[in-house]
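Chemist: Structure file final_2.cif, mmCIF, C-alpha atoms, is pasted below:
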```cif
data_protein
loop_
_atom_site.group_PDB
_atom_site.id
_atom_site.type_symbol
_atom_site.label_atom_id
_atom_site.label_comp_id
_atom_site.auth_asym_id
_atom_site.auth_seq_id
_atom_site.Cartn_x
_atom_site.Cartn_y
_atom_site.Cartn_z
ATOM 1 C CA MET U 1 81.989 96.618 132.469
ATOM 2 C CA GLN U 2 84.535 97.779 135.025
ATOM 3 C CA PRO U 3 84.179 101.442 136.131
ATOM 4 C CA ILE U 4 86.253 103.935 134.175
ATOM 5 C CA ALA U 5 87.133 107.612 134.577
ATOM 6 C CA TYR U 6 89.429 110.014 132.734
ATOM 7 C CA THR U 7 89.911 113.667 131.844
ATOM 8 C CA ILE U 8 90.966 115.284 128.584
ATOM 9 C CA SER U 9 93.979 117.020 130.074
ATOM 10 C CA PRO U 10 95.808 119.879 128.302
ATOM 11 C CA TYR U 11 98.681 117.411 127.782
ATOM 12 C CA LEU U 12 96.358 114.897 126.123
ATOM 13 C CA LEU U 13 94.623 117.572 124.043
ATOM 14 C CA ARG U 14 97.951 118.858 122.752
ATOM 15 C CA TYR U 15 98.903 115.406 121.478
ATOM 16 C CA LEU U 16 95.454 114.815 119.977
ATOM 17 C CA ASN U 17 95.809 118.036 117.993
ATOM 18 C CA ARG U 18 99.281 117.000 116.874
ATOM 19 C CA LEU U 19 97.946 113.609 115.789
ATOM 20 C CA GLU U 20 95.380 115.299 113.566
ATOM 21 C CA VAL U 21 98.064 117.457 111.937
ATOM 22 C CA LEU U 22 100.235 114.389 111.274
ATOM 23 C CA ARG U 23 97.279 112.425 109.949
ATOM 24 C CA GLN U 24 96.488 115.153 107.424
ATOM 25 C CA GLN U 25 100.131 115.442 106.380
ATOM 26 C CA LEU U 26 100.273 111.708 105.683
ATOM 27 C CA ILE U 27 96.989 111.721 103.773
ATOM 28 C CA LEU U 28 97.985 114.666 101.574
ATOM 29 C CA TYR U 29 101.571 113.602 100.903
ATOM 30 C CA PRO U 30 101.962 112.839 97.167
ATOM 31 C CA LEU U 31 102.788 109.200 96.479
ATOM 32 C CA SER U 32 102.627 107.070 93.363
ATOM 33 C CA PRO U 33 100.178 104.134 93.667
ATOM 34 C CA LYS U 34 103.056 101.646 93.478
ATOM 35 C CA ARG U 35 105.015 103.347 96.242
ATOM 36 C CA GLU U 36 101.948 103.676 98.437
ATOM 37 C CA LEU U 37 101.228 99.947 98.111
ATOM 38 C CA GLY U 38 104.842 99.185 98.980
ATOM 39 C CA LEU U 39 104.696 101.336 102.111
ATOM 40 C CA GLN U 40 101.397 99.772 103.153
ATOM 41 C CA PHE U 41 102.858 96.296 102.733
ATOM 42 C CA GLN U 42 105.842 97.262 104.884
ATOM 43 C CA ALA U 43 103.425 98.618 107.514
ATOM 44 C CA THR U 44 101.545 95.313 107.434
ATOM 45 C CA VAL U 45 104.784 93.386 107.969
ATOM 46 C CA GLU U 46 105.579 95.615 110.955
ATOM 47 C CA ARG U 47 102.068 95.210 112.369
ATOM 48 C CA VAL U 48 102.394 91.440 112.246
ATOM 49 C CA HIS U 49 105.976 91.427 113.556
ATOM 50 C CA PHE U 50 105.332 93.736 116.504
ATOM 51 C CA GLY U 51 101.832 92.370 117.116
ATOM 52 C CA LEU U 52 103.151 88.837 117.538
ATOM 53 C CA ALA U 53 106.044 90.143 119.651
ATOM 54 C CA LEU U 54 103.564 91.933 121.909
ATOM 55 C CA ALA U 55 101.744 88.636 122.406
ATOM 56 C CA GLY U 56 105.020 86.846 123.187
ATOM 57 C CA GLU U 57 106.070 85.387 119.817
ATOM 58 C CA ASP U 58 109.247 86.671 118.160
ATOM 59 C CA VAL U 59 109.130 86.225 114.386
ATOM 60 C CA HIS U 60 111.767 87.895 112.218
ATOM 61 C CA SER U 61 110.429 90.473 109.731
ATOM 62 C CA GLU U 62 112.096 88.726 106.780
ATOM 63 C CA ASN U 63 110.341 85.494 107.714
ATOM 64 C CA ILE U 64 107.027 87.358 107.780
ATOM 65 C CA LYS U 65 107.727 88.890 104.346
ATOM 66 C CA THR U 66 108.435 85.443 102.931
ATOM 67 C CA ILE U 67 105.212 84.017 104.356
ATOM 68 C CA LEU U 68 103.107 86.939 103.096
ATOM 69 C CA ALA U 69 104.774 86.769 99.673
ATOM 70 C CA ASN U 70 103.374 83.229 99.353
ATOM 71 C CA GLN U 71 99.804 84.052 100.383
ATOM 72 C CA ILE U 72 98.385 82.852 97.080
ATOM 73 C CA VAL U 73 99.915 79.410 97.576
ATOM 74 C CA PHE U 74 98.610 79.212 101.141
ATOM 75 C CA ALA U 75 95.152 80.405 100.058
ATOM 76 C CA MET U 76 94.949 77.457 97.640
ATOM 77 C CA GLN U 77 95.616 75.070 100.501
ATOM 78 C CA ASN U 78 93.308 74.034 103.287
ATOM 79 C CA LYS U 79 93.850 76.712 105.896
ATOM 80 C CA GLN U 80 94.039 74.100 108.623
ATOM 81 C CA ASN U 81 97.137 72.584 106.992
ATOM 82 C CA TYR U 82 99.664 75.223 107.942
ATOM 83 C CA LYS U 83 103.323 74.229 107.701
ATOM 84 C CA ASP U 84 104.013 75.296 111.291
ATOM 85 C CA GLN U 85 102.692 77.455 114.131
ATOM 86 C CA ILE U 86 104.607 80.527 112.979
ATOM 87 C CA GLN U 87 103.046 80.385 109.529
ATOM 88 C CA LYS U 88 99.631 79.945 111.108
ATOM 89 C CA ASP U 89 100.032 82.889 113.496
ATOM 90 C CA VAL U 90 101.404 85.231 110.808
ATOM 91 C CA LEU U 91 98.624 84.497 108.330
ATOM 92 C CA GLU U 92 95.863 84.631 110.943
ATOM 93 C CA TYR U 93 97.082 88.016 112.224
ATOM 94 C CA LYS U 94 97.142 89.297 108.638
ATOM 95 C CA LEU U 95 93.651 87.911 107.972
ATOM 96 C CA LEU U 96 92.251 89.877 110.919
ATOM 97 C CA LEU U 97 93.891 93.066 109.643
ATOM 98 C CA ASP U 98 92.555 92.392 106.136
ATOM 99 C CA TYR U 99 89.022 91.914 107.460
ATOM 100 C CA ILE U 100 89.112 95.249 109.295
ATOM 101 C CA LYS U 101 90.611 97.068 106.316
ATOM 102 C CA ARG U 102 88.192 95.522 103.834
ATOM 103 C CA GLU U 103 84.955 95.713 105.808
ATOM 104 C CA TRP U 104 85.335 98.603 108.238
ATOM 105 C CA ARG U 105 87.332 101.432 106.671
ATOM 106 C CA LEU U 106 85.059 104.512 106.842
ATOM 107 C CA SER U 107 82.114 102.180 107.363
ATOM 108 C CA SER U 108 78.711 103.604 108.269
ATOM 109 C CA GLN U 109 77.822 100.329 109.968
ATOM 110 C CA ARG U 110 77.598 100.177 113.731
ATOM 111 C CA ILE U 111 80.130 97.972 115.497
ATOM 112 C CA THR U 112 78.244 95.177 117.237
ATOM 113 C CA LEU U 113 78.942 92.267 119.539
ATOM 114 C CA GLN U 114 79.103 90.005 116.503
ATOM 115 C CA THR U 115 81.739 92.292 114.974
ATOM 116 C CA LEU U 116 83.999 91.862 117.990
ATOM 117 C CA LEU U 117 83.371 88.130 118.182
ATOM 118 C CA SER U 118 84.477 87.824 114.555
ATOM 119 C CA LEU U 119 87.897 88.928 115.846
ATOM 120 C CA TYR U 120 87.860 86.595 118.832
ATOM 121 C CA SER U 121 86.622 83.087 119.610
ATOM 122 C CA PRO U 122 86.024 82.475 123.337
ATOM 123 C CA THR U 123 87.955 79.558 124.795
ATOM 124 C CA LYS U 124 86.363 76.782 126.803
ATOM 125 C CA THR U 125 87.420 78.530 130.022
ATOM 126 C CA ASP U 126 85.430 81.660 129.155
ATOM 127 C CA SER U 127 81.851 82.054 130.285
ATOM 128 C CA THR U 128 80.346 82.958 126.925
ATOM 129 C CA LYS U 129 77.174 84.489 128.305
ATOM 130 C CA SER U 130 78.913 86.834 130.750
ATOM 131 C CA LEU U 131 81.610 87.623 128.156
ATOM 132 C CA ASP U 132 78.976 88.634 125.617
ATOM 133 C CA LYS U 133 77.305 90.959 128.103
ATOM 134 C CA GLU U 134 80.593 92.615 129.093
ATOM 135 C CA LEU U 135 81.615 93.105 125.460
ATOM 136 C CA GLN U 136 78.191 94.525 124.666
ATOM 137 C CA ASP U 137 78.590 97.004 127.526
ATOM 138 C CA ILE U 138 81.993 98.076 126.194
ATOM 139 C CA ILE U 139 80.574 98.645 122.712
ATOM 140 C CA ALA U 140 77.629 100.606 124.074
ATOM 141 C CA TYR U 141 79.930 102.780 126.171
ATOM 142 C CA LEU U 142 82.247 103.579 123.257
ATOM 143 C CA HIS U 143 79.371 104.349 120.902
ATOM 144 C CA ALA U 144 77.688 106.572 123.482
ATOM 145 C CA SER U 145 80.791 108.705 123.946
ATOM 146 C CA ALA U 146 81.661 111.505 121.569
ATOM 147 C CA ASP U 147 85.370 110.982 122.066
ATOM 148 C CA ASN U 148 88.118 111.387 119.515
ATOM 149 C CA PRO U 149 88.582 108.052 117.653
ATOM 150 C CA PHE U 150 92.117 107.738 119.027
ATOM 151 C CA ILE U 151 90.636 107.887 122.543
ATOM 152 C CA GLN U 152 88.047 105.269 121.566
ATOM 153 C CA ALA U 153 90.824 103.020 120.222
ATOM 154 C CA ALA U 154 92.805 103.359 123.454
ATOM 155 C CA LEU U 155 89.747 102.580 125.576
ATOM 156 C CA ALA U 156 88.749 99.619 123.394
ATOM 157 C CA LYS U 157 92.132 97.947 123.884
ATOM 158 C CA LEU U 158 92.206 98.658 127.596
ATOM 159 C CA GLN U 159 88.668 97.555 128.410
ATOM 160 C CA ILE U 160 89.033 94.268 126.543
ATOM 161 C CA ARG U 161 92.337 93.587 128.292
ATOM 162 C CA ARG U 162 90.638 94.313 131.620
ATOM 163 C CA LEU U 163 87.901 91.853 130.777
ATOM 164 C CA LEU U 164 89.953 88.819 129.703
ATOM 165 C CA GLN U 165 92.790 86.850 131.214
ATOM 166 C CA ASP U 166 96.305 87.245 129.792
ATOM 167 C CA SER U 167 96.849 85.151 126.691
ATOM 168 C CA PHE U 168 98.247 85.321 123.161
ATOM 169 C CA GLN U 169 94.733 85.617 121.780
ATOM 170 C CA THR U 170 93.638 88.302 124.269
ATOM 171 C CA GLU U 171 96.533 90.620 123.391
ATOM 172 C CA THR U 172 95.827 90.210 119.688
ATOM 173 C CA PHE U 173 92.078 90.677 120.151
ATOM 174 C CA SER U 174 92.463 93.903 122.134
ATOM 175 C CA THR U 175 94.836 95.350 119.507
ATOM 176 C CA MET U 176 92.430 94.457 116.697
ATOM 177 C CA ALA U 177 89.626 96.210 118.586
ATOM 178 C CA SER U 178 91.738 99.389 118.518
ATOM 179 C CA TYR U 179 92.302 99.071 114.775
ATOM 180 C CA LEU U 180 88.579 98.440 114.290
ATOM 181 C CA PHE U 181 87.566 101.793 115.776
ATOM 182 C CA LEU U 182 90.352 103.631 113.955
ATOM 183 C CA TYR U 183 89.493 102.179 110.549
ATOM 184 C CA GLN U 184 85.783 102.802 111.014
ATOM 185 C CA SER U 185 86.460 106.494 111.616
ATOM 186 C CA GLY U 186 89.031 106.772 108.816
ATOM 187 C CA MET U 187 91.914 107.307 111.240
ATOM 188 C CA ASP U 188 94.153 104.550 109.880
ATOM 189 C CA CYS U 189 96.513 107.204 108.460
ATOM 190 C CA ARG U 190 96.573 105.807 104.946
ATOM 191 C CA GLY U 191 97.272 102.326 106.281
ATOM 192 C CA LEU U 192 100.684 103.429 107.604
ATOM 193 C CA LEU U 193 99.837 103.507 111.304
ATOM 194 C CA VAL U 194 101.471 100.694 113.292
ATOM 195 C CA LEU U 195 99.996 100.682 116.792
ATOM 196 C CA GLU U 196 102.111 97.806 118.090
ATOM 197 C CA LYS U 197 105.571 99.148 117.203
ATOM 198 C CA PRO U 198 106.191 101.689 120.007
ATOM 199 C CA TRP U 199 104.604 99.364 122.573
ATOM 200 C CA VAL U 200 107.156 96.637 121.847
ATOM 201 C CA GLN U 201 110.119 98.978 121.463
ATOM 202 C CA GLU U 202 109.458 100.394 124.938
ATOM 203 C CA ARG U 203 107.950 97.287 126.482
ATOM 204 C CA LYS U 204 108.619 98.101 130.141
ATOM 205 C CA LEU U 205 106.986 101.511 129.800
ATOM 206 C CA PHE U 206 104.026 99.988 127.978
ATOM 207 C CA ASP U 207 103.564 97.270 130.614
ATOM 208 C CA GLY U 208 103.746 99.845 133.391
ATOM 209 C CA TYR U 209 101.003 102.087 131.982
ATOM 210 C CA TYR U 210 98.984 99.040 131.027
ATOM 211 C CA ALA U 211 99.112 97.468 134.488
ATOM 212 C CA THR U 212 98.248 100.732 136.232
ATOM 213 C CA ALA U 213 95.272 101.395 133.959
ATOM 214 C CA ILE U 214 93.948 97.847 134.330
ATOM 215 C CA ALA U 215 94.117 98.079 138.127
ATOM 216 C CA LYS U 216 92.652 101.567 138.625
ATOM 217 C CA PRO U 217 89.413 103.259 137.451
ATOM 218 C CA ASN U 218 91.151 106.478 136.338
ATOM 219 C CA VAL U 219 92.834 105.807 132.989
ATOM 220 C CA THR U 220 93.953 109.309 132.011
ATOM 221 C CA GLY U 221 97.608 108.230 132.196
ATOM 222 C CA TRP U 222 96.986 105.349 129.792
ATOM 223 C CA LEU U 223 95.237 107.631 127.306
ATOM 224 C CA GLU U 224 98.089 110.148 127.444
ATOM 225 C CA TYR U 225 100.623 107.374 126.900
ATOM 226 C CA PHE U 226 98.623 105.807 124.046
ATOM 227 C CA VAL U 227 98.232 109.086 122.147
ATOM 228 C CA LYS U 228 101.805 110.248 122.797
ATOM 229 C CA THR U 229 103.296 107.021 121.429
ATOM 230 C CA LEU U 230 101.129 107.286 118.318
ATOM 231 C CA CYS U 231 102.367 110.827 117.782
ATOM 232 C CA GLY U 232 105.959 109.656 118.028
ATOM 233 C CA GLN U 233 105.357 106.784 115.628
ATOM 234 C CA LEU U 234 103.613 108.971 113.035
ATOM 235 C CA GLU U 235 106.316 111.655 113.334
ATOM 236 C CA LEU U 236 108.943 109.049 112.431
ATOM 237 C CA THR U 237 106.754 107.640 109.652
ATOM 238 C CA TYR U 238 106.280 111.061 108.073
ATOM 239 C CA GLN U 239 109.970 111.995 108.375
ATOM 240 C CA SER U 240 110.996 108.680 106.824
ATOM 241 C CA LEU U 241 108.468 109.202 104.037
ATOM 242 C CA VAL U 242 109.830 112.640 103.163
ATOM 243 C CA GLN U 243 113.482 111.601 103.400
ATOM 244 C CA SER U 244 113.079 108.431 101.354
ATOM 245 C CA GLN U 245 110.945 110.205 98.759
ATOM 246 C CA THR U 246 113.593 112.930 98.433
ATOM 247 C CA LYS U 247 116.317 110.317 98.017
ATOM 248 C CA ILE U 248 114.307 108.444 95.399
ATOM 249 C CA GLU U 249 113.667 111.640 93.434
ATOM 250 C CA GLU U 250 117.348 112.616 93.615
ATOM 251 C CA GLU U 251 118.345 109.206 92.237
ATOM 252 C CA LYS U 252 115.811 109.517 89.425
ATOM 253 C CA ILE U 253 116.803 113.098 88.597
ATOM 254 C CA GLY U 254 120.371 111.855 88.181
ATOM 255 C CA LYS U 255 119.184 109.735 85.256
ATOM 256 C CA LEU U 256 117.741 112.700 83.347
ATOM 257 C CA ASN U 257 119.247 114.867 80.630
ATOM 258 C CA GLU U 258 119.328 118.651 81.073
ATOM 259 C CA ARG U 259 116.077 119.257 79.172
ATOM 260 C CA GLN U 260 114.207 116.694 81.257
ATOM 261 C CA LYS U 261 115.547 118.288 84.455
ATOM 262 C CA VAL U 262 114.240 121.673 83.305
ATOM 263 C CA ILE U 263 110.821 120.120 82.640
ATOM 264 C CA MET U 264 110.723 118.965 86.272
ATOM 265 C CA THR U 265 111.545 122.464 87.561
ATOM 266 C CA LEU U 266 108.707 123.885 85.458
ATOM 267 C CA LEU U 267 106.351 121.680 87.500
ATOM 268 C CA ASP U 268 107.515 122.758 90.966
ATOM 269 C CA ASP U 269 104.009 124.077 91.611
ATOM 270 C CA PRO U 270 101.890 120.986 92.533
ATOM 271 C CA GLN U 271 98.994 122.471 90.541
ATOM 272 C CA ALA U 272 101.041 123.003 87.380
ATOM 273 C CA ILE U 273 100.362 120.921 84.278
ATOM 274 C CA ILE U 274 102.301 120.462 81.057
ATOM 275 C CA THR U 275 101.540 118.966 77.643
ATOM 276 C CA ASN U 276 103.503 117.590 74.717
ATOM 277 C CA ARG U 277 102.765 120.732 72.683
ATOM 278 C CA THR U 278 104.017 122.948 75.520
ATOM 279 C CA ILE U 279 107.301 121.028 75.630
ATOM 280 C CA GLN U 280 107.687 121.409 71.862
ATOM 281 C CA LYS U 281 107.257 125.193 72.016
ATOM 282 C CA ILE U 282 109.532 125.761 75.023
ATOM 283 C CA PHE U 283 112.451 123.673 73.754
ATOM 284 C CA HIS U 284 111.844 123.899 69.989
ATOM 285 C CA ILE U 285 111.814 120.134 69.602
ATOM 286 C CA SER U 286 109.667 117.665 67.655
ATOM 287 C CA ALA U 287 106.549 115.965 69.000
ATOM 288 C CA ILE U 288 108.393 112.624 69.007
ATOM 289 C CA THR U 289 111.272 113.993 71.115
ATOM 290 C CA ALA U 290 108.802 115.613 73.548
ATOM 291 C CA SER U 291 106.931 112.320 73.786
ATOM 292 C CA ARG U 292 110.152 110.475 74.627
ATOM 293 C CA ASP U 293 110.955 112.979 77.385
ATOM 294 C CA LEU U 294 107.496 112.729 78.897
ATOM 295 C CA ALA U 295 107.472 108.931 78.587
ATOM 296 C CA LYS U 296 110.774 108.667 80.446
ATOM 297 C CA LEU U 297 109.631 110.997 83.224
ATOM 298 C CA THR U 298 106.421 109.010 83.561
ATOM 299 C CA MET U 299 108.234 105.667 83.537
ATOM 300 C CA LEU U 300 110.514 106.879 86.345
ATOM 301 C CA GLY U 301 107.468 107.799 88.388
ATOM 302 C CA LEU U 302 108.236 111.529 88.381
ATOM 303 C CA LEU U 303 105.161 112.514 86.363
ATOM 304 C CA ILE U 304 101.658 111.170 86.156
ATOM 305 C CA GLN U 305 99.668 111.128 82.934
ATOM 306 C CA GLN U 306 96.100 112.405 82.908
ATOM 307 C CA GLY U 307 93.558 112.235 80.096
ATOM 308 C CA LYS U 308 93.755 110.593 76.684
ATOM 309 C CA GLY U 309 94.523 111.499 73.100
ATOM 310 C CA ARG U 310 95.098 115.188 72.391
ATOM 311 C CA SER U 311 93.944 116.130 75.903
ATOM 312 C CA VAL U 312 96.791 114.278 77.618
ATOM 313 C CA ARG U 313 98.532 116.401 80.243
ATOM 314 C CA TYR U 314 101.155 115.687 82.871
ATOM 315 C CA THR U 315 101.625 116.706 86.493
ATOM 316 C CA ARG U 316 104.181 115.905 89.198
ATOM 317 C CA ILE U 317 103.368 113.014 91.468
#
```
Kindly transcribe the structure held in the file into structure tokens.
Modeler:
Amino acid sequence: MQPIAYTISPYLLRYLNRLEVLRQQLILYPLSPKRELGLQFQATVERVHFGLALAGEDVHSENIKTILANQIVFAMQNKQNYKDQIQKDVLEYKLLLDYIKREWRLSSQRITLQTLLSLYSPTKTDSTKSLDKELQDIIAYLHASADNPFIQAALAKLQIRRLLQDSFQTETFSTMASYLFLYQSGMDCRGLLVLEKPWVQERKLFDGYYATAIAKPNVTGWLEYFVKTLCGQLELTYQSLVQSQTKIEEEKIGKLNERQKVIMTLLDDPQAIITNRTIQKIFHISAITASRDLAKLTMLGLLIQQGKGRSVRYTRI
């Protein structure tokens, strides 16, 4: 493994602390299961789009959505019989992300050489024996350190890029190694983190930090850049989440009658709960009318139902 040195500068520490705040805000933000799945799918589309762009392949996001929407059809086919190279690259990038998400999120397993090789197949030009040893050294180094997982992710990408020659597969492999360490430590930010996006959007800046870090032992600048860009990306993600959620709620509130709007204000406290009987007493209405109100609010995704039978209660999502 090539020599490496860095310091946890006050600048870097400030952004690491900010990342933790943003991560917690994203984890705790109330979302309906359907909306959360939709946001995660959009994040996956962006990961594939910007990941392929980073490796030199420009595939439109709508094209990626279409391909991913037909995954069931493709899964029924022989995976060697892809329609074209774009389809192949999109689905293979997604498969790598799925493997990491499925097998390594908050995993107690130790990342091994075999884990990394499952994300990368050496080409004929690689010396497999020396490659294995170098990768093993990288893994050992990262496991031995007590660094913040975001630092580990930054170092994993950099060290793998230092090790291998430039190629489409190398860029993808190094990015997947970053995701691997983040998912293992639970730092995937609810599946909404898109590492590749800021790197592509500011490609010249990314290439500059990348080239400097690959050439020199001291990689503090790369770590600061890596963490700062993640902060910026998560800031935008959180702001978009809040703004879009507010807009959605405003649109839904517009569909409510006055009594249903009052019910929503009674649940401003996230810990507050309400029942059918409570609605009857407050508004002097029948159980059937209260049920209709609560059913509409639930159908619109404004309330979530908990419990069964007479113990059913409702809270805001």
Chemist: Record the distance separating atom CA of U:Ile111 and atom CA of U:Ala53, expressed in Å with one decimal.
Modeler: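 Atom-to-atom, atom CA of U:Ile111 to atom CA of U:Ala53, that is 27.4 Å.
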Chemist: Of the residues U:Leu135, U:Val312, U:Leu54, U:Ala43, which is the one nearest to U:Gln169, using all atoms listed in the file?
Modeler: U:Leu54
Chemist: Name the closest residue to U:Asp147 among the candidates U:Val219, U:Ile317, U:Ile8, U:Ile279; distances are taken between atoms, counting all atoms listed in the file.
Modeler: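 The answer is U:Ile8, which sits nearest to U:Asp147.
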Chemist: Between U:Glu258, U:Arg190, U:Pro270, U:Phe41, which residue has the minimum interatomic distance to U:Phe283, considering all atoms listed in the file?
Modeler: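 Nearest to U:Phe283: U:Glu258.
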Chemist: Using all atoms listed in the file, which of U:Thr172, U:Asn218, U:Thr278, U:Ser311 sits nearest U:Glu92?
Modeler: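 Closest candidate: U:Thr172.
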Chemist: Go ahead and compute the interatomic distance for atom CA of U:Arg316 and atom CA of U:Leu303, in Å to one decimal.
Modeler: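 Straight-line distance from atom CA of U:Arg316 to atom CA of U:Leu303 works out to 4.5 Å.
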Chemist: Run through the PyMOL selection byres ((chain U and resi 157-160) around 9) on the given coordinates and return the selected residues as a PyMOL selection string.
Modeler: chain U and resi 1-2+4+134-135+138+152-156+161-164+170-171+173-178+210+213-214+219+222
Chemist: Considering all atoms listed in the file, can you say which of U:His60, U:Lys204, U:Lys216, U:Lys133 comes closest to U:Gln114?
Modeler: U:Lys133
Chemist: Which of these, U:Val242, U:Leu12, U:Thr7, U:Leu26, has the shortest distance to U:Thr229 once you count all atoms listed in the file?
Modeler: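 Nearest to U:Thr229: U:Leu12.
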Chemist: Please complete stretch 285-300 of chain U with N, CA and C atoms and give it back as a PDB file, keeping the file's coordinate frame.
Modeler:
```pdb
ATOM      1  N   ILE U 285     111.522 121.517  69.962  1.00  0.00           N
ATOM      2  CA  ILE U 285     111.814 120.134  69.602  1.00  0.00           C
ATOM      3  C   ILE U 285     110.588 119.518  68.933  1.00  0.00           C
ATOM      4  N   SER U 286     110.766 118.337  68.342  1.00  0.00           N
ATOM      5  CA  SER U 286     109.667 117.665  67.655  1.00  0.00           C
ATOM      6  C   SER U 286     108.719 117.008  68.648  1.00  0.00           C
ATOM      7  N   ALA U 287     107.541 116.640  68.161  1.00  0.00           N
ATOM      8  CA  ALA U 287     106.549 115.965  69.000  1.00  0.00           C
ATOM      9  C   ALA U 287     107.082 114.625  69.488  1.00  0.00           C
ATOM     10  N   ILE U 288     107.844 113.930  68.637  1.00  0.00           N
ATOM     11  CA  ILE U 288     108.393 112.624  69.007  1.00  0.00           C
ATOM     12  C   ILE U 288     109.389 112.772  70.155  1.00  0.00           C
ATOM     13  N   THR U 289     110.282 113.777  70.057  1.00  0.00           N
ATOM     14  CA  THR U 289     111.272 113.993  71.115  1.00  0.00           C
ATOM     15  C   THR U 289     110.579 114.370  72.423  1.00  0.00           C
ATOM     16  N   ALA U 290     109.564 115.215  72.347  1.00  0.00           N
ATOM     17  CA  ALA U 290     108.802 115.613  73.548  1.00  0.00           C
ATOM     18  C   ALA U 290     108.124 114.403  74.168  1.00  0.00           C
ATOM     19  N   SER U 291     107.595 113.533  73.296  1.00  0.00           N
ATOM     20  CA  SER U 291     106.931 112.320  73.786  1.00  0.00           C
ATOM     21  C   SER U 291     107.910 111.421  74.523  1.00  0.00           C
ATOM     22  N   ARG U 292     109.134 111.298  73.990  1.00  0.00           N
ATOM     23  CA  ARG U 292     110.152 110.475  74.627  1.00  0.00           C
ATOM     24  C   ARG U 292     110.516 111.033  76.011  1.00  0.00           C
ATOM     25  N   ASP U 293     110.647 112.360  76.096  1.00  0.00           N
ATOM     26  CA  ASP U 293     110.955 112.979  77.385  1.00  0.00           C
ATOM     27  C   ASP U 293     109.854 112.695  78.400  1.00  0.00           C
ATOM     28  N   LEU U 294     108.624 112.912  77.987  1.00  0.00           N
ATOM     29  CA  LEU U 294     107.496 112.729  78.897  1.00  0.00           C
ATOM     30  C   LEU U 294     107.319 111.258  79.266  1.00  0.00           C
ATOM     31  N   ALA U 295     107.583 110.366  78.308  1.00  0.00           N
ATOM     32  CA  ALA U 295     107.472 108.931  78.587  1.00  0.00           C
ATOM     33  C   ALA U 295     108.513 108.496  79.617  1.00  0.00           C
ATOM     34  N   LYS U 296     109.718 109.025  79.496  1.00  0.00           N
ATOM     35  CA  LYS U 296     110.774 108.667  80.446  1.00  0.00           C
ATOM     36  C   LYS U 296     110.448 109.183  81.838  1.00  0.00           C
ATOM     37  N   LEU U 297     109.977 110.417  81.930  1.00  0.00           N
ATOM     38  CA  LEU U 297     109.631 110.997  83.224  1.00  0.00           C
ATOM     39  C   LEU U 297     108.469 110.245  83.875  1.00  0.00           C
ATOM     40  N   THR U 298     107.554 109.783  83.045  1.00  0.00           N
ATOM     41  CA  THR U 298     106.421 109.010  83.561  1.00  0.00           C
ATOM     42  C   THR U 298     106.869 107.629  84.021  1.00  0.00           C
ATOM     43  N   MET U 299     107.739 107.000  83.205  1.00  0.00           N
ATOM     44  CA  MET U 299     108.234 105.667  83.537  1.00  0.00           C
ATOM     45  C   MET U 299     109.015 105.682  84.861  1.00  0.00           C
ATOM     46  N   LEU U 300     109.741 106.755  85.111  1.00  0.00           N
ATOM     47  CA  LEU U 300     110.514 106.879  86.345  1.00  0.00           C
ATOM     48  C   LEU U 300     109.640 107.227  87.557  1.00  0.00           C
TER      49      LEU U 300
END
```
